[in-house]
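With TSV, C-alpha atoms and all ligand atoms inside, this is my_file_20.tsv:
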chain	number	residue	atom	x	y	z
A	1	MET	CA	116.40	148.23	86.82
A	2	ARG	CA	115.28	146.11	89.77
A	3	VAL	CA	117.87	145.31	92.45
A	4	ALA	CA	117.55	142.54	95.04
A	5	ILE	CA	119.86	142.93	98.03
A	6	LEU	CA	120.98	139.89	100.02
A	7	ILE	CA	122.06	140.38	103.64
A	8	SER	CA	122.92	138.39	106.74
A	9	GLY	CA	123.41	141.07	109.37
A	10	SER	CA	122.96	144.71	110.22
A	11	GLY	CA	122.53	145.72	106.61
A	12	SER	CA	124.40	149.03	106.68
A	13	ASN	CA	125.56	148.51	103.09
A	14	MET	CA	122.00	147.61	102.10
A	15	VAL	CA	120.80	150.92	103.60
A	16	ALA	CA	123.50	152.84	101.69
A	17	LEU	CA	122.47	151.14	98.44
A	18	ALA	CA	118.74	151.59	99.02
A	19	GLN	CA	119.13	155.26	99.98
A	20	SER	CA	121.08	155.89	96.78
A	21	MET	CA	118.35	154.48	94.53
A	22	THR	CA	116.07	157.51	94.39
A	23	GLY	CA	115.33	160.36	92.00
A	24	ASP	CA	117.00	160.00	88.60
A	25	HIS	CA	118.84	156.81	89.63
A	26	PRO	CA	118.07	154.14	87.02
A	27	ALA	CA	117.58	151.39	89.67
A	28	ARG	CA	115.22	150.66	92.53
A	29	PRO	CA	115.39	148.05	95.32
A	30	CYS	CA	112.82	145.28	94.74
A	31	LEU	CA	113.66	142.95	97.65
A	32	VAL	CA	115.86	142.60	100.71
A	33	LEU	CA	116.45	138.91	101.36
A	34	SER	CA	118.24	137.36	104.34
A	35	ASN	CA	119.35	133.90	105.39
A	36	ASP	CA	118.79	135.01	108.99
A	37	PRO	CA	115.20	135.87	109.99
A	38	ASN	CA	116.63	137.98	112.85
A	39	ALA	CA	119.03	140.03	110.69
A	40	GLY	CA	118.85	143.66	111.81
A	41	GLY	CA	118.77	144.81	108.21
A	42	LEU	CA	115.32	143.31	107.61
A	43	ALA	CA	113.62	145.80	109.96
A	44	LYS	CA	115.61	148.64	108.37
A	45	ALA	CA	114.41	147.58	104.91
A	46	GLN	CA	110.82	147.35	106.09
A	47	ALA	CA	111.11	150.84	107.59
A	48	MET	CA	112.24	152.05	104.15
A	49	GLY	CA	109.24	150.41	102.52
A	50	ILE	CA	111.23	147.71	100.71
A	51	PRO	CA	109.73	144.21	100.45
A	52	THR	CA	111.63	141.69	102.58
A	53	ALA	CA	111.92	137.92	102.86
A	54	ALA	CA	113.99	135.52	104.95
A	55	VAL	CA	114.99	131.91	104.29
A	56	ASP	CA	116.68	130.49	107.37
A	57	HIS	CA	119.62	128.36	106.21
A	58	ARG	CA	119.84	126.37	109.46
A	59	PRO	CA	117.08	123.79	108.84
A	60	PHE	CA	118.86	122.82	105.60
A	61	LYS	CA	121.88	121.60	107.56
A	62	GLY	CA	124.54	121.83	104.87
A	63	ASP	CA	122.25	120.93	101.96
A	64	ARG	CA	123.20	124.00	99.96
A	65	ALA	CA	121.19	123.01	96.90
A	66	ALA	CA	117.97	122.73	98.95
A	67	PHE	CA	118.69	126.01	100.74
A	68	GLU	CA	119.28	127.75	97.43
A	69	ALA	CA	116.10	126.30	95.93
A	70	ALA	CA	114.21	127.88	98.84
A	71	LEU	CA	116.14	131.13	98.43
A	72	LEU	CA	115.25	131.27	94.74
A	73	GLU	CA	111.50	131.35	95.40
A	74	PRO	CA	111.22	134.89	96.79
A	75	LEU	CA	114.21	135.99	94.72
A	76	LEU	CA	112.78	135.01	91.33
A	77	ALA	CA	109.33	136.25	92.37
A	78	ALA	CA	110.88	139.73	92.83
A	79	GLN	CA	112.16	139.62	89.20
A	80	PRO	CA	115.52	141.29	89.87
A	81	ASP	CA	117.75	142.50	87.05
A	82	LEU	CA	120.69	142.70	89.43
A	83	ILE	CA	121.57	141.03	92.74
A	84	ALA	CA	123.73	142.84	95.28
A	85	LEU	CA	125.29	140.74	98.04
A	86	ALA	CA	125.72	143.11	100.99
A	87	GLY	CA	127.18	141.28	103.96
A	88	PHE	CA	125.57	138.02	102.81
A	89	MET	CA	127.60	135.41	104.66
A	90	ARG	CA	126.61	132.16	102.93
A	91	VAL	CA	128.74	130.65	100.17
A	92	LEU	CA	126.68	130.19	97.00
A	93	THR	CA	127.06	127.20	94.68
A	94	ALA	CA	128.31	127.52	91.12
A	95	ASP	CA	124.83	126.59	89.84
A	96	PHE	CA	123.25	129.46	91.74
A	97	VAL	CA	125.92	131.96	90.69
A	98	ARG	CA	125.76	130.97	87.01
A	99	ARG	CA	122.02	131.66	86.96
A	100	PHE	CA	122.84	135.34	87.51
A	101	ASP	CA	125.98	135.45	85.39
A	102	GLY	CA	127.28	139.03	85.19
A	103	ARG	CA	124.30	140.26	87.22
A	104	MET	CA	125.50	139.58	90.77
A	105	LEU	CA	127.74	141.89	92.79
A	106	ASN	CA	129.46	141.49	96.15
A	107	ILE	CA	131.26	143.79	98.54
A	108	HIS	CA	134.23	142.33	100.36
A	109	PRO	CA	136.17	144.05	103.17
A	110	SER	CA	139.67	143.74	101.72
A	111	LEU	CA	141.68	144.92	98.75
A	112	LEU	CA	141.11	141.84	96.63
A	113	PRO	CA	142.84	139.69	95.51
A	114	LYS	CA	144.28	139.93	99.04
A	115	TYR	CA	142.42	138.26	101.90
A	116	LYS	CA	139.55	136.33	100.40
A	117	GLY	CA	137.30	134.74	103.01
A	118	LEU	CA	136.96	135.77	106.64
A	119	HIS	CA	138.89	137.89	109.20
A	120	THR	CA	140.20	140.19	106.50
A	121	HIS	CA	141.13	143.11	108.77
A	122	ALA	CA	142.97	140.93	111.29
A	123	ARG	CA	144.93	139.35	108.44
A	124	ALA	CA	145.88	142.74	106.90
A	125	ILE	CA	147.12	144.02	110.30
A	126	GLU	CA	148.95	140.77	110.99
A	127	ALA	CA	150.71	141.00	107.62
A	128	GLY	CA	151.96	144.51	108.44
A	129	ASP	CA	150.16	146.03	105.45
A	130	ALA	CA	150.20	149.84	105.16
A	131	GLU	CA	146.69	149.98	103.77
A	132	ALA	CA	143.41	148.11	103.73
A	133	GLY	CA	140.07	148.70	102.12
A	134	CYS	CA	137.14	147.14	100.36
A	135	THR	CA	136.29	145.79	96.93
A	136	VAL	CA	133.11	145.51	94.91
A	137	HIS	CA	133.33	142.71	92.38
A	138	GLU	CA	131.24	140.65	90.04
A	139	VAL	CA	130.37	137.30	91.61
A	140	THR	CA	131.76	134.21	89.89
A	141	PRO	CA	131.72	130.62	91.19
A	142	ALA	CA	135.10	131.00	92.95
A	143	LEU	CA	134.85	132.67	96.38
A	144	ASP	CA	135.59	136.43	96.47
A	145	ASP	CA	136.89	136.24	92.92
A	146	GLY	CA	135.51	137.79	89.77
A	147	PRO	CA	136.15	141.04	87.92
A	148	ILE	CA	136.80	143.99	90.20
A	149	LEU	CA	134.35	146.88	89.73
A	150	GLY	CA	135.67	149.20	92.43
A	151	GLN	CA	138.03	149.57	95.36
A	152	ALA	CA	138.41	152.03	98.22
A	153	ARG	CA	141.60	152.34	100.27
A	154	VAL	CA	142.27	153.47	103.83
A	155	PRO	CA	145.54	153.58	105.78
A	156	ILE	CA	146.28	151.05	108.51
A	157	LEU	CA	147.43	153.11	111.51
A	158	PRO	CA	149.74	152.13	114.39
A	159	GLY	CA	147.70	150.50	117.15
A	160	ASP	CA	144.85	149.51	114.82
A	161	THR	CA	142.76	146.54	115.87
A	162	PRO	CA	140.42	144.64	113.54
A	163	ASP	CA	137.57	146.70	115.06
A	164	THR	CA	139.17	150.13	114.58
A	165	LEU	CA	140.15	149.19	111.04
A	166	ALA	CA	136.65	147.90	110.27
A	167	ALA	CA	135.26	151.21	111.55
A	168	ARG	CA	137.50	153.05	109.05
A	169	VAL	CA	136.66	150.75	106.13
A	170	LEU	CA	132.88	150.51	106.59
A	171	PRO	CA	132.10	154.18	105.74
A	172	MET	CA	134.16	153.67	102.57
A	173	GLU	CA	132.04	150.62	101.73
A	174	HIS	CA	128.98	152.85	102.04
A	175	GLN	CA	130.48	155.29	99.51
A	176	LEU	CA	131.91	152.73	97.12
A	177	TYR	CA	129.02	150.32	96.69
A	178	PRO	CA	126.43	152.94	95.62
A	179	LEU	CA	128.94	154.49	93.20
A	180	VAL	CA	129.59	151.13	91.54
A	181	LEU	CA	125.89	150.30	91.43
A	182	ARG	CA	125.02	153.60	89.76
A	183	ARG	CA	127.76	153.15	87.17
A	184	LEU	CA	126.67	149.61	86.45
A	185	ALA	CA	123.03	150.59	86.19
A	186	THR	CA	124.03	152.91	83.36
A	187	GLY	CA	125.97	150.10	81.66
A	188	ASN	CA	129.44	151.27	82.70
A	189	ARG	CA	131.77	148.60	84.11
A	190	THR	CA	134.86	150.83	84.39
A	191	PRO	CA	136.25	150.26	87.91
A	192	VAL	CA	135.70	152.98	90.54
A	193	ASN	CA	138.72	153.88	92.69
A	194	LEU	CA	138.38	155.76	95.98
A	195	PRO	CA	139.79	158.05	97.16
B	201	LIG	C1	130.62	144.45	105.51
B	201	LIG	O1	131.83	144.90	106.07
B	201	LIG	C2	130.89	143.62	104.27
B	201	LIG	O2	131.98	144.07	103.52
B	201	LIG	C3	131.20	142.28	104.89
B	201	LIG	O3	130.26	142.14	105.94
B	201	LIG	C4	129.93	143.44	106.44
B	201	LIG	C5	128.43	143.59	106.44
B	201	LIG	O4	128.04	144.75	107.10
B	201	LIG	N1	131.06	141.24	103.92
B	201	LIG	C6	131.77	140.12	103.94
B	201	LIG	O5	132.59	139.87	104.80
B	201	LIG	C7	131.48	139.17	102.80
B	201	LIG	N2	132.38	138.08	102.82
B	201	LIG	P1	126.57	145.33	106.87
B	201	LIG	O6	125.58	144.20	107.13
B	201	LIG	O7	126.43	146.42	107.91
B	201	LIG	O8	126.49	145.86	105.47
When written as structure tokens, how does the structure in this file appear?
Ligand code: GAR
Amino acid sequence: MRVAILISGSGSNMVALAQSMTGDHPARPCLVLSNDPNAGGLAKAQAMGIPTAAVDHRPFKGDRAAFEAALLEPLLAAQPDLIALAGFMRVLTADFVRRFDGRMLNIHPSLLPKYKGLHTHARAIEAGDAEAGCTVHEVTPALDDGPILGQARVPILPGDTPDTLAARVLPMEHQLYPLVLRRLATGNRTPVNLP
């Protein structure tokens, strides 16, 4: 199984996914693709020997369809069986998502269905929640929606800031996403729950 990983930033989840796809794992990374040519994750992917591409969204100035047409070129050329969004911060159109129906995953830094969108950790702290976490889900046209394939929980501690909470959640993302990917690659969609 060929996995294309889409990133926008440092790519720590991409590294966790790529490092997991070795040995008897049924999947291999075929492309790391970014909407930001300066994304730190691109250099990390290159260092791991994974093909990379970047399609800068900025020249498209809000023309999502044109941006996505450009994004599809390297993506389709890589012939992925599965697409893993890993900190990919562009909203994708329904047309794009439907093309990969049931074959696109995302990781989101909240316990969905809570806190879709941005600033998830700040919103969980603000709400006085006792716990936070992350979710891997199938991508459907609605933002941060779609069947949940795994969740990991961490406590919210007194004095937490969005940064301290993010630092507690991120290592759980790095555990959860590879576990879900491996399960899925063997055809198992039973949700993973951590811890
Ligand atoms: C991760 O925390 C991921 O859950 C989040 O961006 C970060 C990317 O970090 N994704 C979203 O907020 C998606 N809406 P990384 O580039 O180091 O993997």
Self-check item: Residues within 7 Å of ligand LIG 201 (chain B), counting all atoms listed in the file, as a VMD selection string
Solution: chain A and resid 7 to 14 41 86 to 89 107 to 109 117 to 118 134 170 173
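Proximity of A:Leu31, A:Leu157, A:Val139, A:Val180 to Val97 (chain A), computed with all atoms listed in the file, is greatest for A:Val139.
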Self-check item: Pick from A:Leu143, A:Asn106, A:Phe60, A:Gly187 nearest to Ala94 (chain A), counting all atoms listed in the file
Solution: A:Leu143
Practice problem: Pick out the residues sitting within 12 Å of region 42-49 of chain A, and hand them over as a PyMOL selection string; count only C-alpha atoms, and ignore anything fewer than 4 positions along from it in its own chain. | Solution: chain A and resi 4-19+21-22+28-38+53-55
Please tabulate, as a Markdown table, the residues of region 158-191 of chain A that come within 10 Å of region 75-82 of chain A, each with its closest pair of atoms and the distance in Å to one decimal, counting all atoms listed in the file and ordering rows by chain, then residue number upward.
| residue | atom | partner | partner_atom | distance |
| --- | --- | --- | --- | --- |
| A:Leu181 | CA | A:Leu82 | CA | 9.4 |
| A:Leu184 | CA | A:Leu82 | CA | 9.6 |
| A:Ala185 | CA | A:Leu82 | CA | 8.8 |
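Residue nearest Val192 (chain A) within the list A:Leu165, A:Pro155, A:Asp160, A:Val136: A:Val136 [criterion: smallest interatomic distance, only C-alpha atoms].
Of the listed residues (A:Ser110, A:Asn188, A:Asn193, A:Gln175), A:Ser110 comes nearest to Pro162 (chain A); the distances count all atoms listed in the file.
Taking only C-alpha atoms into account, Tyr115 (chain A) lies nearest to A:Gly133 out of the set A:Gly23, A:Gly133, A:Pro51, A:Gly146.
Nearest to Leu105 (chain A) of all the residues A:Val3, A:Leu176, A:Ile83, A:Ile50 is A:Ile83, counting only C-alpha atoms.
We find CA of Asp129 (chain A) and CA of Met172 (chain A) to be spaced 18.0 Å apart.
Going from CA of Leu111 (chain A) to CA of Leu71 (chain A) covers 29.0 Å.
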